file run31.cif (mmCIF, C-alpha atoms (C1' of nucleotides))
data_start
#
loop_
_atom_site.label_atom_id
_atom_site.label_comp_id
_atom_site.auth_asym_id
_atom_site.auth_seq_id
_atom_site.Cartn_x
_atom_site.Cartn_y
_atom_site.Cartn_z
CA MET S 1 34.96 44.73 -102.99
CA GLU S 2 36.87 47.50 -101.33
CA ARG S 3 38.22 50.03 -103.75
CA LYS S 4 41.45 51.97 -103.72
CA THR S 5 40.81 55.66 -104.02
CA HIS S 6 43.27 58.48 -104.02
CA GLN S 7 41.43 59.91 -101.00
CA LYS S 8 42.28 56.78 -99.00
CA GLN S 9 45.84 56.81 -100.24
CA SER S 10 46.28 60.45 -99.29
CA ILE S 11 44.85 59.86 -95.85
CA LEU S 12 47.29 57.00 -95.36
CA ASN S 13 50.13 59.22 -96.55
CA ALA S 14 49.02 61.92 -94.14
CA LEU S 15 49.11 59.44 -91.27
CA TYR S 16 52.69 58.54 -92.11
CA ALA S 17 53.65 62.19 -92.62
CA LEU S 18 52.12 63.08 -89.27
CA SER S 19 53.55 60.01 -87.59
CA GLY S 20 54.53 60.77 -84.03
CA THR S 21 52.10 63.64 -83.68
CA HIS S 22 49.02 61.47 -83.10
CA PRO S 23 46.77 63.65 -85.25
CA THR S 24 43.07 64.11 -84.77
CA ALA S 25 40.68 63.56 -87.68
CA GLU S 26 40.66 67.32 -88.11
CA ASN S 27 44.46 67.40 -88.32
CA VAL S 28 44.37 64.70 -90.97
CA TYR S 29 41.66 66.60 -92.83
CA GLU S 30 43.75 69.77 -92.84
CA HIS S 31 46.80 67.93 -94.10
CA VAL S 32 44.98 66.07 -96.86
CA SER S 33 43.15 69.23 -97.89
CA LEU S 34 46.44 70.64 -99.11
CA LEU S 35 46.59 67.89 -101.72
CA ILE S 36 42.88 67.37 -102.33
CA PRO S 37 41.17 70.69 -101.58
CA THR S 38 37.73 69.27 -102.25
CA ILE S 39 37.96 66.37 -99.81
CA SER S 40 35.12 66.20 -97.31
CA ARG S 41 35.46 65.81 -93.57
CA ALA S 42 32.94 62.98 -93.83
CA THR S 43 35.36 61.08 -96.03
CA VAL S 44 38.23 61.57 -93.61
CA TYR S 45 36.16 60.38 -90.65
CA ARG S 46 34.76 57.46 -92.65
CA VAL S 47 38.13 56.31 -93.91
CA LEU S 48 39.84 56.70 -90.54
CA ASN S 49 37.15 54.58 -88.91
CA GLN S 50 37.49 52.03 -91.66
CA PHE S 51 41.26 51.92 -91.20
CA ALA S 52 40.84 51.57 -87.45
CA GLY S 53 38.44 48.66 -87.94
CA GLN S 54 40.97 46.94 -90.19
CA GLY S 55 43.83 47.57 -87.83
CA THR S 56 45.59 49.82 -90.33
CA VAL S 57 45.71 52.60 -87.74
CA LEU S 58 45.27 52.83 -84.00
CA GLN S 59 42.40 54.91 -82.74
CA LEU S 60 43.09 56.64 -79.46
CA HIS S 61 40.16 57.87 -77.39
CA VAL S 62 41.46 60.91 -75.60
CA PRO S 63 39.44 62.49 -72.79
CA ASP S 64 38.20 66.02 -73.41
CA SER S 65 39.41 65.86 -76.99
CA GLY S 66 38.45 64.19 -80.20
CA ASP S 67 39.85 60.83 -81.19
CA HIS S 68 43.49 60.73 -82.19
CA TYR S 69 45.02 58.38 -84.74
CA ASP S 70 48.35 56.67 -84.86
CA GLY S 71 49.81 55.22 -88.03
CA ASN S 72 52.25 53.23 -85.91
CA THR S 73 50.39 50.03 -85.12
CA GLU S 74 53.22 48.48 -83.13
CA PRO S 75 52.04 47.92 -79.54
CA HIS S 76 53.12 50.91 -77.48
CA LEU S 77 51.73 53.20 -74.82
CA HIS S 78 50.63 56.80 -74.80
CA LEU S 79 50.83 59.74 -72.48
CA LEU S 80 48.46 62.67 -72.51
CA CYS S 81 50.32 65.74 -71.31
CA GLY S 82 48.26 67.78 -68.91
CA SER S 83 50.09 70.92 -69.93
CA CYS S 84 50.45 70.98 -73.72
CA LYS S 85 47.69 68.39 -74.25
CA ARG S 86 49.80 66.52 -76.77
CA VAL S 87 49.80 62.74 -76.95
CA THR S 88 53.28 61.24 -76.95
CA ASP S 89 54.56 57.69 -77.12
CA ILE S 90 56.08 56.22 -74.02
CA SER S 91 57.76 52.94 -73.33
CA VAL S 92 57.12 51.03 -70.15
CA PRO S 93 59.56 48.14 -70.02
CA GLY S 94 58.16 45.12 -68.27
CA PHE S 95 54.57 46.14 -68.63
CA ASN S 96 52.68 43.08 -69.72
CA PRO S 97 49.00 43.54 -70.55
CA LEU S 98 48.51 39.80 -70.69
CA GLU S 99 48.88 39.54 -66.94
CA LEU S 100 45.74 41.53 -66.72
CA ALA S 101 43.83 38.66 -68.22
CA GLN S 102 43.75 37.31 -64.70
CA ALA S 103 40.76 39.53 -64.25
CA GLU S 104 38.79 36.92 -66.12
CA SER S 105 38.53 35.15 -62.81
CA SER S 106 35.67 37.43 -61.93
CA GLY S 107 33.56 36.00 -64.73
CA CYS S 108 34.21 38.46 -67.51
CA ARG S 109 36.09 37.96 -70.73
CA ILE S 110 38.74 40.52 -71.49
CA THR S 111 39.72 41.01 -75.08
CA GLY S 112 41.60 44.27 -74.89
CA PHE S 113 42.09 47.49 -73.04
CA GLU S 114 42.50 51.19 -73.46
CA LEU S 115 45.23 52.74 -71.43
CA LEU S 116 46.34 56.32 -71.39
CA PHE S 117 48.83 57.76 -68.98
CA LEU S 118 48.32 61.24 -67.63
CA GLY S 119 51.10 63.55 -66.62
CA LEU S 120 53.68 65.73 -68.31
CA CYS S 121 55.50 65.00 -71.54
CA PRO S 122 59.32 65.26 -71.57
CA ASP S 123 59.22 68.81 -72.98
CA CYS S 124 56.81 70.11 -70.35
CA ALA S 125 58.42 68.13 -67.53
CA ALA S 126 61.75 69.82 -68.29
CA GLU S 127 60.39 73.31 -67.65
CA MET E 1 33.26 80.19 -50.60
CA GLU E 2 31.63 77.09 -51.97
CA ARG E 3 28.00 76.81 -51.01
CA LYS E 4 25.95 73.77 -50.18
CA THR E 5 22.88 73.62 -52.34
CA HIS E 6 20.16 71.05 -52.39
CA GLN E 7 20.96 70.46 -56.06
CA LYS E 8 24.47 69.36 -55.15
CA GLN E 9 23.19 67.24 -52.32
CA SER E 10 20.65 65.54 -54.56
CA ILE E 11 23.27 64.85 -57.19
CA LEU E 12 25.48 63.29 -54.55
CA ASN E 13 22.55 61.20 -53.33
CA ALA E 14 21.84 60.11 -56.89
CA LEU E 15 25.44 58.97 -57.29
CA TYR E 16 25.11 56.80 -54.20
CA ALA E 17 21.71 55.51 -55.27
CA LEU E 18 23.06 54.65 -58.70
CA SER E 19 26.27 53.24 -57.29
CA GLY E 20 27.43 50.27 -59.27
CA THR E 21 25.70 51.36 -62.44
CA HIS E 22 28.29 53.95 -63.45
CA PRO E 23 25.69 56.46 -64.61
CA THR E 24 26.19 59.04 -67.31
CA ALA E 25 25.43 62.70 -66.62
CA GLU E 26 22.11 62.13 -68.37
CA ASN E 27 21.31 59.20 -66.07
CA VAL E 28 22.05 61.38 -63.06
CA TYR E 29 19.92 64.16 -64.50
CA GLU E 30 16.98 61.81 -64.95
CA HIS E 31 17.29 60.51 -61.42
CA VAL E 32 17.60 63.94 -59.81
CA SER E 33 14.74 65.28 -61.91
CA LEU E 34 12.38 63.05 -59.96
CA LEU E 35 13.16 65.02 -56.83
CA ILE E 36 13.87 68.41 -58.35
CA PRO E 37 11.84 68.60 -61.57
CA THR E 38 13.21 72.03 -62.43
CA ILE E 39 16.87 71.12 -62.25
CA SER E 40 18.85 71.97 -65.35
CA ARG E 41 21.17 69.68 -67.24
CA ALA E 42 23.74 72.46 -67.06
CA THR E 43 23.72 72.21 -63.29
CA VAL E 44 24.17 68.45 -63.37
CA TYR E 45 27.10 68.68 -65.76
CA ARG E 46 28.65 71.56 -63.80
CA VAL E 47 28.34 69.85 -60.46
CA LEU E 48 29.60 66.51 -61.72
CA ASN E 49 32.68 68.19 -63.17
CA GLN E 50 33.19 70.04 -59.93
CA PHE E 51 32.91 66.82 -57.94
CA ALA E 52 35.33 65.10 -60.31
CA GLY E 53 37.82 67.93 -59.85
CA GLN E 54 37.56 67.59 -56.09
CA GLY E 55 37.91 63.83 -56.18
CA THR E 56 34.41 63.37 -54.83
CA VAL E 57 33.52 61.19 -57.83
CA LEU E 58 35.47 59.36 -60.48
CA GLN E 59 34.94 60.45 -64.05
CA LEU E 60 35.23 57.65 -66.57
CA HIS E 61 35.87 58.56 -70.17
CA VAL E 62 34.18 55.84 -72.16
CA PRO E 63 34.86 55.56 -75.90
CA ASP E 64 31.87 56.09 -78.16
CA SER E 65 29.74 57.14 -75.19
CA GLY E 66 29.42 60.07 -72.88
CA ASP E 67 31.39 60.29 -69.67
CA HIS E 68 30.32 58.00 -66.86
CA TYR E 69 30.58 58.75 -63.15
CA ASP E 70 31.36 56.56 -60.21
CA GLY E 71 30.55 57.52 -56.62
CA ASN E 72 32.93 54.84 -55.45
CA THR E 73 36.29 56.57 -55.31
CA GLU E 74 38.16 53.55 -54.03
CA PRO E 75 40.79 52.57 -56.60
CA HIS E 76 39.34 49.88 -58.82
CA LEU E 77 39.20 48.96 -62.47
CA HIS E 78 36.46 49.02 -65.07
CA LEU E 79 35.33 46.91 -67.95
CA LEU E 80 33.33 48.17 -70.89
CA CYS E 81 31.20 45.33 -72.19
CA GLY E 82 31.24 45.16 -75.96
CA SER E 83 27.83 43.55 -75.96
CA CYS E 84 25.57 45.38 -73.49
CA LYS E 85 27.84 48.48 -73.36
CA ARG E 86 27.61 48.63 -69.60
CA VAL E 87 30.56 49.57 -67.45
CA THR E 88 31.21 47.14 -64.62
CA ASP E 89 33.79 47.01 -61.86
CA ILE E 90 36.45 44.37 -62.05
CA SER E 91 39.23 43.40 -59.72
CA VAL E 92 42.65 42.50 -61.01
CA PRO E 93 44.66 41.14 -58.10
CA GLY E 94 48.32 41.96 -58.33
CA PHE E 95 47.90 44.80 -60.74
CA ASN E 96 50.07 47.58 -59.48
CA PRO E 97 49.84 50.87 -61.37
CA LEU E 98 52.83 52.22 -59.49
CA GLU E 99 55.13 49.90 -61.37
CA LEU E 100 54.21 51.81 -64.41
CA ALA E 101 55.93 54.86 -63.02
CA GLN E 102 59.07 53.31 -64.44
CA ALA E 103 58.04 55.00 -67.64
CA GLU E 104 59.39 58.19 -66.16
CA SER E 105 62.77 56.99 -67.35
CA SER E 106 61.87 58.37 -70.74
CA GLY E 107 61.72 61.90 -69.37
CA CYS E 108 58.04 62.28 -68.67
CA ARG E 109 56.29 62.62 -65.36
CA ILE E 110 53.34 60.32 -64.82
CA THR E 111 50.71 61.37 -62.35
CA GLY E 112 47.89 59.03 -63.24
CA PHE E 113 46.30 56.90 -65.88
CA GLU E 114 43.04 55.99 -67.45
CA LEU E 115 42.51 52.33 -67.99
CA LEU E 116 39.45 50.64 -69.36
CA PHE E 117 39.24 46.99 -70.17
CA LEU E 118 37.27 45.87 -73.18
CA GLY E 119 35.49 42.58 -73.43
CA LEU E 120 32.36 40.97 -72.07
CA CYS E 121 30.82 41.49 -68.67
CA PRO E 122 29.96 38.40 -66.58
CA ASP E 123 26.31 38.49 -67.71
CA CYS E 124 27.11 38.63 -71.40
CA ALA E 125 30.04 36.21 -71.14
CA ALA E 126 27.68 33.62 -69.66
CA GLU E 127 25.44 33.58 -72.72
"C1'" DC H 1 15.48 88.00 -38.44
"C1'" DT H 2 16.71 91.01 -42.36
"C1'" DC H 3 20.04 92.73 -45.42
"C1'" DC H 4 23.73 92.06 -48.52
"C1'" DT H 5 27.07 89.98 -51.39
"C1'" DT H 6 28.10 86.78 -54.66
"C1'" DA H 7 28.14 81.83 -55.68
"C1'" DA H 8 25.05 78.94 -57.92
"C1'" DT H 9 21.29 77.94 -60.85
"C1'" DG H 10 18.03 77.56 -65.00
"C1'" DA H 11 17.06 78.35 -69.67
"C1'" DT H 12 18.79 78.38 -73.80
"C1'" DA H 13 22.29 79.41 -77.24
"C1'" DA H 14 26.45 77.84 -78.80
"C1'" DT H 15 30.15 74.64 -79.61
"C1'" DA H 16 32.61 70.41 -80.76
"C1'" DC H 17 32.92 66.22 -82.72
"C1'" DA H 18 31.09 62.85 -85.40
"C1'" DT H 19 27.63 60.51 -88.24
"C1'" DC H 20 23.77 60.26 -91.62
"C1'" DT H 21 21.57 61.10 -96.06
"C1'" DC H 22 21.57 61.02 -100.75
"C1'" DA H 23 22.63 62.51 -105.29
"C1'" DA H 24 26.81 62.54 -108.03
"C1'" DT H 25 31.14 60.42 -108.99
"C1'" DT H 26 34.41 56.95 -109.99
"C1'" DG H 27 36.94 52.36 -109.49
"C1'" DA H 28 36.92 47.99 -111.14
"C1'" DT H 29 34.97 44.34 -113.83
"C1'" DT H 30 33.06 42.82 -118.17
"C1'" DA P 1 33.32 51.45 -123.70
"C1'" DA P 2 29.43 50.05 -120.77
"C1'" DT P 3 27.93 48.75 -116.31
"C1'" DC P 4 27.23 48.69 -111.44
"C1'" DA P 5 28.17 49.16 -106.93
"C1'" DA P 6 31.48 51.28 -103.74
"C1'" DT P 7 32.79 55.72 -102.53
"C1'" DT P 8 32.58 60.47 -102.21
"C1'" DG P 9 31.10 65.52 -101.20
"C1'" DA P 10 28.06 68.67 -99.23
"C1'" DG P 11 25.34 69.70 -95.89
"C1'" DA P 12 21.85 68.37 -92.56
"C1'" DT P 13 21.53 66.07 -88.35
"C1'" DG P 14 22.64 64.13 -83.90
"C1'" DT P 15 24.77 63.79 -79.38
"C1'" DA P 16 27.30 65.35 -75.57
"C1'" DT P 17 28.88 69.18 -73.34
"C1'" DT P 18 29.97 74.00 -72.30
"C1'" DA P 19 29.08 79.13 -72.38
"C1'" DT P 20 26.23 83.07 -71.47
"C1'" DC P 21 23.62 85.74 -68.58
"C1'" DA P 22 19.70 87.19 -65.97
"C1'" DT P 23 17.66 85.40 -61.80
"C1'" DT P 24 17.77 82.98 -57.45
"C1'" DA P 25 19.31 81.80 -53.04
"C1'" DA P 26 23.24 80.46 -49.56
"C1'" DG P 27 25.14 82.08 -45.63
"C1'" DG P 28 27.71 85.73 -43.13
"C1'" DA P 29 27.16 90.49 -40.97
"C1'" DG P 30 24.58 93.53 -38.37
#
call {"tool": "encode", "arguments": {"input": "run31.cif", "output": "C-alpha cells"}}
result
Amino acid sequence: MERKTHQKQSILNALYALSGTHPTAENVYEHVSLLIPTISRATVYRVLNQFAGQGTVLQLHVPDSGDHYDGNTEPHLHLLCGSCKRVTDISVPGFNPLELAQAESSGCRITGFELLFLGLCPDCAAE
Amino acid sequence: MERKTHQKQSILNALYALSGTHPTAENVYEHVSLLIPTISRATVYRVLNQFAGQGTVLQLHVPDSGDHYDGNTEPHLHLLCGSCKRVTDISVPGFNPLELAQAESSGCRITGFELLFLGLCPDCAAE
DNA sequence: CTCCTTAATGATAATACATCTCAATTGATT
DNA sequence: AATCAATTGAGATGTATTATCATTAAGGAG
C-alpha cells in the first residue's frame, strides 16, 4: 500500500506554497530542502511523477526548460513568456478542448492534449 | 553572411526524405551520416536549430522525448501516440488558433502556441 | 584562379535534467 | 515490539543538447 511520508507531505505543502509560480522539480527541491535538509532530488522527482500520475498535480512540459508542476489541478491554460520565461495562468473564455475531438475523424483516438501559449506575460507586455 | 554548406543542404534533403516521420535530431543525424560519414552531431543540432529559428522547419517539443522536426511548415496539428510513441499529423477542421487570441484580454500578448494531442494514432487505434 | 576573411564544422568536453541502483530507513500492520 | 515491504538518500548513470575551440572551407576581392 502507498505510505504517507513526511517527504511527500512536505512536497505537497511546497506545491501549495509555490502555487501560481509553476515551480520546476528543482524549485520544489530547494523549497523542501529548507524543511528537510537531507531530502534527495531523486525523492522529489519520484514523488512529483507519482503525484502527476495520480492527478494530484499537473505536469507541464515546457520547451527548453525542465518540467514545471502546478498544484492547481483545475483545468486552465498556460502561457510561457518569451521574455522572463515564466509560466503564468491564462484564461481563454470559450475555448473548448472537446471540440477538438472531431479530429478523431481521421482515424485516431484523442484522449488529451498539451497546449502552451507563447508570447509575453502581463508584466513583460506592459513594458 | 550565411554560407551554403553541403552539410546544411544534406540536412535539408534529409528532412524532405524523412517527411511525415517527424524525425528527431538523432534520426536526421543517422540519415545524413550515410552521405557524409564525418558529419558531427553538433552540426546537425546547430543547423536544425538555425532552420527552426528561420522558420525553415518546425520544431516539435515532445514530452519525454527529444525534439522532433518537421520539414512541412504548413500549419497543421500533431498527435503523439501513447502506444507507438510516433508523432503523426492530424487535421482538425474548424480549429482556429486565432480565436485563442482572446486571451489577450488578461493582459498578455500571445504570439503563438504549442499544441500536441495525446492519444492513439490510426494504426494503434485500429488494433 | 588565388588569396583572404570569417562563418561553419568536427571532436569532444561540459551541461542540464531526469532516472536507476541498491543499501539503509521507516511506515504500517500484526 | 517484531516484521516486511514501501520509500528514501546518495551517487552513478543515462539521454539530449549545448559550449568550446582549433581546423576547415565558403565565397568575395583582386
call {"tool": "atom_distance", "arguments": {"input": "run31.cif", "atom1": "atom CA of E:Gly119", "atom2": "atom CA of E:Gly55"}}
result
27.5 Å
call {"tool": "interface_residues", "arguments": {"input": "run31.cif", "of": "chain S", "to": "chain H", "cutoff": "8 Å", "atoms": "only C-alpha atoms (C1' of nucleotides)", "output": "list in words"}}
result
Arg3, Lys4, Thr5, Tyr45 and Gly66 of chain S
call {"tool": "closest_atom_pairs", "arguments": {"input": "run31.cif", "of": "chain P", "to": "chain S", "cutoff": "12 Å", "atoms": "all atoms listed in the file", "output": "Markdown table"}}
result
| residue | atom | partner | partner_atom | distance |
| --- | --- | --- | --- | --- |
| P:DA5 | C1' | S:Met1 | CA | 9.0 |
| P:DA6 | C1' | S:Arg3 | CA | 6.9 |
| P:DT7 | C1' | S:Arg3 | CA | 8.0 |
| P:DT8 | C1' | S:Thr43 | CA | 6.8 |
| P:DG9 | C1' | S:Ser40 | CA | 5.6 |
| P:DA10 | C1' | S:Ser40 | CA | 7.7 |
| P:DG11 | C1' | S:Ala42 | CA | 10.4 |
| P:DA16 | C1' | S:Asp64 | CA | 11.1 |
| P:DT17 | C1' | S:Asp64 | CA | 9.8 |
| P:DT18 | C1' | S:Asp64 | CA | 11.5 |
call {"tool": "resolve_selection", "arguments": {"input": "run31.cif", "expression": "the PyMOL selection byres ((chain S) within 6 of (chain E))", "output": "JSON, numbers by chain"}}
result
{"S": [61, 63, 92, 103, 107, 108, 109, 110, 111, 112, 113, 114, 115, 116, 117, 118, 119, 120, 121, 122, 125]}
call {"tool": "write_last_selection", "arguments": {"input": "run31.cif", "atoms": "C-alpha atoms", "output": "mmCIF file, in the frame of the given file"}}
result
data_model
loop_
_atom_site.group_PDB
_atom_site.id
_atom_site.type_symbol
_atom_site.label_atom_id
_atom_site.label_comp_id
_atom_site.auth_asym_id
_atom_site.auth_seq_id
_atom_site.Cartn_x
_atom_site.Cartn_y
_atom_site.Cartn_z
ATOM 1 C CA HIS S 61 40.160 57.870 -77.390
ATOM 2 C CA PRO S 63 39.440 62.490 -72.790
ATOM 3 C CA VAL S 92 57.120 51.030 -70.150
ATOM 4 C CA ALA S 103 40.760 39.530 -64.250
ATOM 5 C CA GLY S 107 33.560 36.000 -64.730
ATOM 6 C CA CYS S 108 34.210 38.460 -67.510
ATOM 7 C CA ARG S 109 36.090 37.960 -70.730
ATOM 8 C CA ILE S 110 38.740 40.520 -71.490
ATOM 9 C CA THR S 111 39.720 41.010 -75.080
ATOM 10 C CA GLY S 112 41.600 44.270 -74.890
ATOM 11 C CA PHE S 113 42.090 47.490 -73.040
ATOM 12 C CA GLU S 114 42.500 51.190 -73.460
ATOM 13 C CA LEU S 115 45.230 52.740 -71.430
ATOM 14 C CA LEU S 116 46.340 56.320 -71.390
ATOM 15 C CA PHE S 117 48.830 57.760 -68.980
ATOM 16 C CA LEU S 118 48.320 61.240 -67.630
ATOM 17 C CA GLY S 119 51.100 63.550 -66.620
ATOM 18 C CA LEU S 120 53.680 65.730 -68.310
ATOM 19 C CA CYS S 121 55.500 65.000 -71.540
ATOM 20 C CA PRO S 122 59.320 65.260 -71.570
ATOM 21 C CA ALA S 125 58.420 68.130 -67.530
#
call {"tool": "calpha_fit_and_write", "arguments": {"input": "run31.cif", "fixed": "chain E", "moving": "chain S", "output": "compact mmCIF listing (two decimals) with C-alpha atoms, keeping the file's coordinate frame"}}
result
# COMPACT_ATOMS: atom_id res chain seq x y z
CA MET S 1 33.12 80.07 -50.41
CA GLU S 2 31.48 77.00 -51.81
CA ARG S 3 27.85 76.73 -50.93
CA LYS S 4 25.74 73.71 -50.13
CA THR S 5 22.69 73.57 -52.32
CA HIS S 6 19.99 70.98 -52.42
CA GLN S 7 20.84 70.43 -56.10
CA LYS S 8 24.35 69.33 -55.12
CA GLN S 9 23.03 67.18 -52.32
CA SER S 10 20.53 65.49 -54.62
CA ILE S 11 23.18 64.82 -57.22
CA LEU S 12 25.36 63.24 -54.55
CA ASN S 13 22.41 61.15 -53.38
CA ALA S 14 21.76 60.08 -56.96
CA LEU S 15 25.36 58.95 -57.31
CA TYR S 16 25.02 56.77 -54.23
CA ALA S 17 21.61 55.48 -55.34
CA LEU S 18 23.02 54.62 -58.75
CA SER S 19 26.21 53.22 -57.28
CA GLY S 20 27.42 50.27 -59.29
CA THR S 21 25.71 51.37 -62.47
CA HIS S 22 28.31 53.98 -63.43
CA PRO S 23 25.72 56.50 -64.61
CA THR S 24 26.25 59.07 -67.29
CA ALA S 25 25.47 62.74 -66.61
CA GLU S 26 22.18 62.16 -68.40
CA ASN S 27 21.35 59.23 -66.11
CA VAL S 28 22.07 61.39 -63.09
CA TYR S 29 19.95 64.18 -64.56
CA GLU S 30 17.02 61.81 -65.06
CA HIS S 31 17.29 60.50 -61.53
CA VAL S 32 17.56 63.91 -59.89
CA SER S 33 14.73 65.25 -62.04
CA LEU S 34 12.35 63.00 -60.16
CA LEU S 35 13.09 64.96 -56.99
CA ILE S 36 13.80 68.37 -58.49
CA PRO S 37 11.82 68.58 -61.74
CA THR S 38 13.18 72.01 -62.55
CA ILE S 39 16.85 71.10 -62.33
CA SER S 40 18.88 71.99 -65.41
CA ARG S 41 21.23 69.71 -67.28
CA ALA S 42 23.81 72.49 -67.04
CA THR S 43 23.70 72.22 -63.27
CA VAL S 44 24.17 68.46 -63.35
CA TYR S 45 27.15 68.71 -65.70
CA ARG S 46 28.63 71.60 -63.72
CA VAL S 47 28.29 69.88 -60.37
CA LEU S 48 29.57 66.53 -61.64
CA ASN S 49 32.66 68.23 -63.04
CA GLN S 50 33.13 70.07 -59.79
CA PHE S 51 32.83 66.83 -57.83
CA ALA S 52 35.29 65.14 -60.16
CA GLY S 53 37.78 67.97 -59.68
CA GLN S 54 37.48 67.60 -55.91
CA GLY S 55 37.81 63.85 -56.03
CA THR S 56 34.29 63.36 -54.71
CA VAL S 57 33.46 61.19 -57.72
CA LEU S 58 35.45 59.39 -60.37
CA GLN S 59 34.96 60.51 -63.93
CA LEU S 60 35.27 57.73 -66.46
CA HIS S 61 35.93 58.63 -70.09
CA VAL S 62 34.25 55.91 -72.07
CA PRO S 63 34.89 55.59 -75.81
CA ASP S 64 31.89 56.14 -78.06
CA SER S 65 29.81 57.23 -75.10
CA GLY S 66 29.53 60.17 -72.80
CA ASP S 67 31.46 60.35 -69.56
CA HIS S 68 30.36 58.04 -66.79
CA TYR S 69 30.58 58.77 -63.08
CA ASP S 70 31.33 56.57 -60.15
CA GLY S 71 30.48 57.51 -56.58
CA ASN S 72 32.87 54.81 -55.38
CA THR S 73 36.22 56.56 -55.21
CA GLU S 74 38.11 53.53 -53.94
CA PRO S 75 40.78 52.57 -56.50
CA HIS S 76 39.33 49.89 -58.75
CA LEU S 77 39.20 49.00 -62.41
CA HIS S 78 36.48 49.07 -65.01
CA LEU S 79 35.36 46.95 -67.90
CA LEU S 80 33.37 48.21 -70.85
CA CYS S 81 31.24 45.37 -72.16
CA GLY S 82 31.28 45.21 -75.92
CA SER S 83 27.85 43.63 -75.94
CA CYS S 84 25.62 45.46 -73.46
CA LYS S 85 27.89 48.53 -73.33
CA ARG S 86 27.63 48.68 -69.56
CA VAL S 87 30.60 49.62 -67.41
CA THR S 88 31.22 47.18 -64.58
CA ASP S 89 33.79 47.04 -61.81
CA ILE S 90 36.46 44.41 -62.01
CA SER S 91 39.22 43.41 -59.68
CA VAL S 92 42.66 42.56 -60.95
CA PRO S 93 44.66 41.18 -58.05
CA GLY S 94 48.32 41.98 -58.29
CA PHE S 95 47.91 44.82 -60.70
CA ASN S 96 50.10 47.62 -59.48
CA PRO S 97 49.88 50.91 -61.36
CA LEU S 98 52.92 52.21 -59.53
CA GLU S 99 55.17 49.87 -61.46
CA LEU S 100 54.21 51.80 -64.49
CA ALA S 101 56.02 54.81 -63.13
CA GLN S 102 59.10 53.19 -64.58
CA ALA S 103 58.06 54.83 -67.79
CA GLU S 104 59.47 58.03 -66.38
CA SER S 105 62.80 56.77 -67.59
CA SER S 106 61.93 58.05 -71.02
CA GLY S 107 61.88 61.62 -69.76
CA CYS S 108 58.22 62.12 -69.03
CA ARG S 109 56.50 62.54 -65.71
CA ILE S 110 53.55 60.29 -65.10
CA THR S 111 50.97 61.42 -62.61
CA GLY S 112 48.12 59.09 -63.40
CA PHE S 113 46.46 56.94 -65.99
CA GLU S 114 43.15 56.03 -67.50
CA LEU S 115 42.57 52.37 -67.99
CA LEU S 116 39.50 50.67 -69.32
CA PHE S 117 39.26 47.02 -70.12
CA LEU S 118 37.29 45.89 -73.12
CA GLY S 119 35.51 42.60 -73.37
CA LEU S 120 32.36 41.01 -72.03
CA CYS S 121 30.83 41.53 -68.62
CA PRO S 122 29.95 38.45 -66.52
CA ASP S 123 26.30 38.54 -67.65
CA CYS S 124 27.13 38.69 -71.35
CA ALA S 125 30.04 36.26 -71.06
CA ALA S 126 27.68 33.66 -69.58
CA GLU S 127 25.44 33.61 -72.65
call {"tool": "atom_distance", "arguments": {"input": "run31.cif", "atom1": "atom CA of S:Ala52", "atom2": "atom CA of E:Lys85"}}
result
19.4 Å
call {"tool": "atom_distance", "arguments": {"input": "run31.cif", "atom1": "atom CA of S:Gln9", "atom2": "atom CA of S:Ser65"}}
result
25.8 Å
call {"tool": "residues_near_point", "arguments": {"input": "run31.cif", "point": "(32.8, 59.4, -54.7)", "cutoff": "12 Å", "atoms": "only C-alpha atoms (C1' of nucleotides)", "output": "list in words"}}
result
Ile11, Leu12, Asn13, Ala14, Leu15, Tyr16, Ala17, Leu18, Ser19, Gly20, His22, Leu48, Gln50, Phe51, Ala52, Gly53, Gln54, Gly55, Thr56, Val57, Leu58, Gln59, Tyr69, Asp70, Gly71, Asn72, Thr73, Glu74 and Pro75 of chain E
call {"tool": "axis_aligned_box", "arguments": {"input": "run31.cif", "around": "stretch 43-62 of chain E", "padding_each_side": "5 Å", "output": "JSON"}}
result
{"center_x": 30.8, "center_y": 64.0, "center_z": -63.5, "size_x": 24.2, "size_y": 26.4, "size_z": 27.3}
call {"tool": "closest_residue", "arguments": {"input": "run31.cif", "among": "S:Ile36, S:Val47, S:His76, S:Ser83", "to": "S:Lys8", "atoms": "only C-alpha atoms"}}
result
S:Val47
call {"tool": "build_atoms", "arguments": {"input": "run31.cif", "residues": "stretch 36-44 of chain E", "atoms": "N, CA and C atoms", "output": "PDB file, in the coordinates of the input"}}
result
ATOM      1  N   ILE E  36      13.843  66.986 -58.035  1.00  0.00           N
ATOM      2  CA  ILE E  36      13.870  68.410 -58.350  1.00  0.00           C
ATOM      3  C   ILE E  36      13.536  68.551 -59.831  1.00  0.00           C
ATOM      4  N   PRO E  37      12.247  68.621 -60.150  1.00  0.00           N
ATOM      5  CA  PRO E  37      11.840  68.600 -61.570  1.00  0.00           C
ATOM      6  C   PRO E  37      12.382  69.768 -62.377  1.00  0.00           C
ATOM      7  N   THR E  38      12.757  70.847 -61.698  1.00  0.00           N
ATOM      8  CA  THR E  38      13.210  72.030 -62.430  1.00  0.00           C
ATOM      9  C   THR E  38      14.727  72.078 -62.621  1.00  0.00           C
ATOM     10  N   ILE E  39      15.410  71.057 -62.143  1.00  0.00           N
ATOM     11  CA  ILE E  39      16.870  71.120 -62.250  1.00  0.00           C
ATOM     12  C   ILE E  39      17.290  71.129 -63.723  1.00  0.00           C
ATOM     13  N   SER E  40      18.358  71.835 -63.974  1.00  0.00           N
ATOM     14  CA  SER E  40      18.850  71.970 -65.350  1.00  0.00           C
ATOM     15  C   SER E  40      19.982  70.993 -65.622  1.00  0.00           C
ATOM     16  N   ARG E  41      20.045  70.539 -66.863  1.00  0.00           N
ATOM     17  CA  ARG E  41      21.170  69.680 -67.240  1.00  0.00           C
ATOM     18  C   ARG E  41      22.491  70.389 -66.980  1.00  0.00           C
ATOM     19  N   ALA E  42      22.507  71.691 -67.260  1.00  0.00           N
ATOM     20  CA  ALA E  42      23.740  72.460 -67.060  1.00  0.00           C
ATOM     21  C   ALA E  42      24.245  72.315 -65.638  1.00  0.00           C
ATOM     22  N   THR E  43      23.331  72.338 -64.691  1.00  0.00           N
ATOM     23  CA  THR E  43      23.720  72.210 -63.290  1.00  0.00           C
ATOM     24  C   THR E  43      24.308  70.829 -63.026  1.00  0.00           C
ATOM     25  N   VAL E  44      23.674  69.812 -63.584  1.00  0.00           N
ATOM     26  CA  VAL E  44      24.170  68.450 -63.370  1.00  0.00           C
ATOM     27  C   VAL E  44      25.582  68.309 -63.941  1.00  0.00           C
TER      28      VAL E  44
END
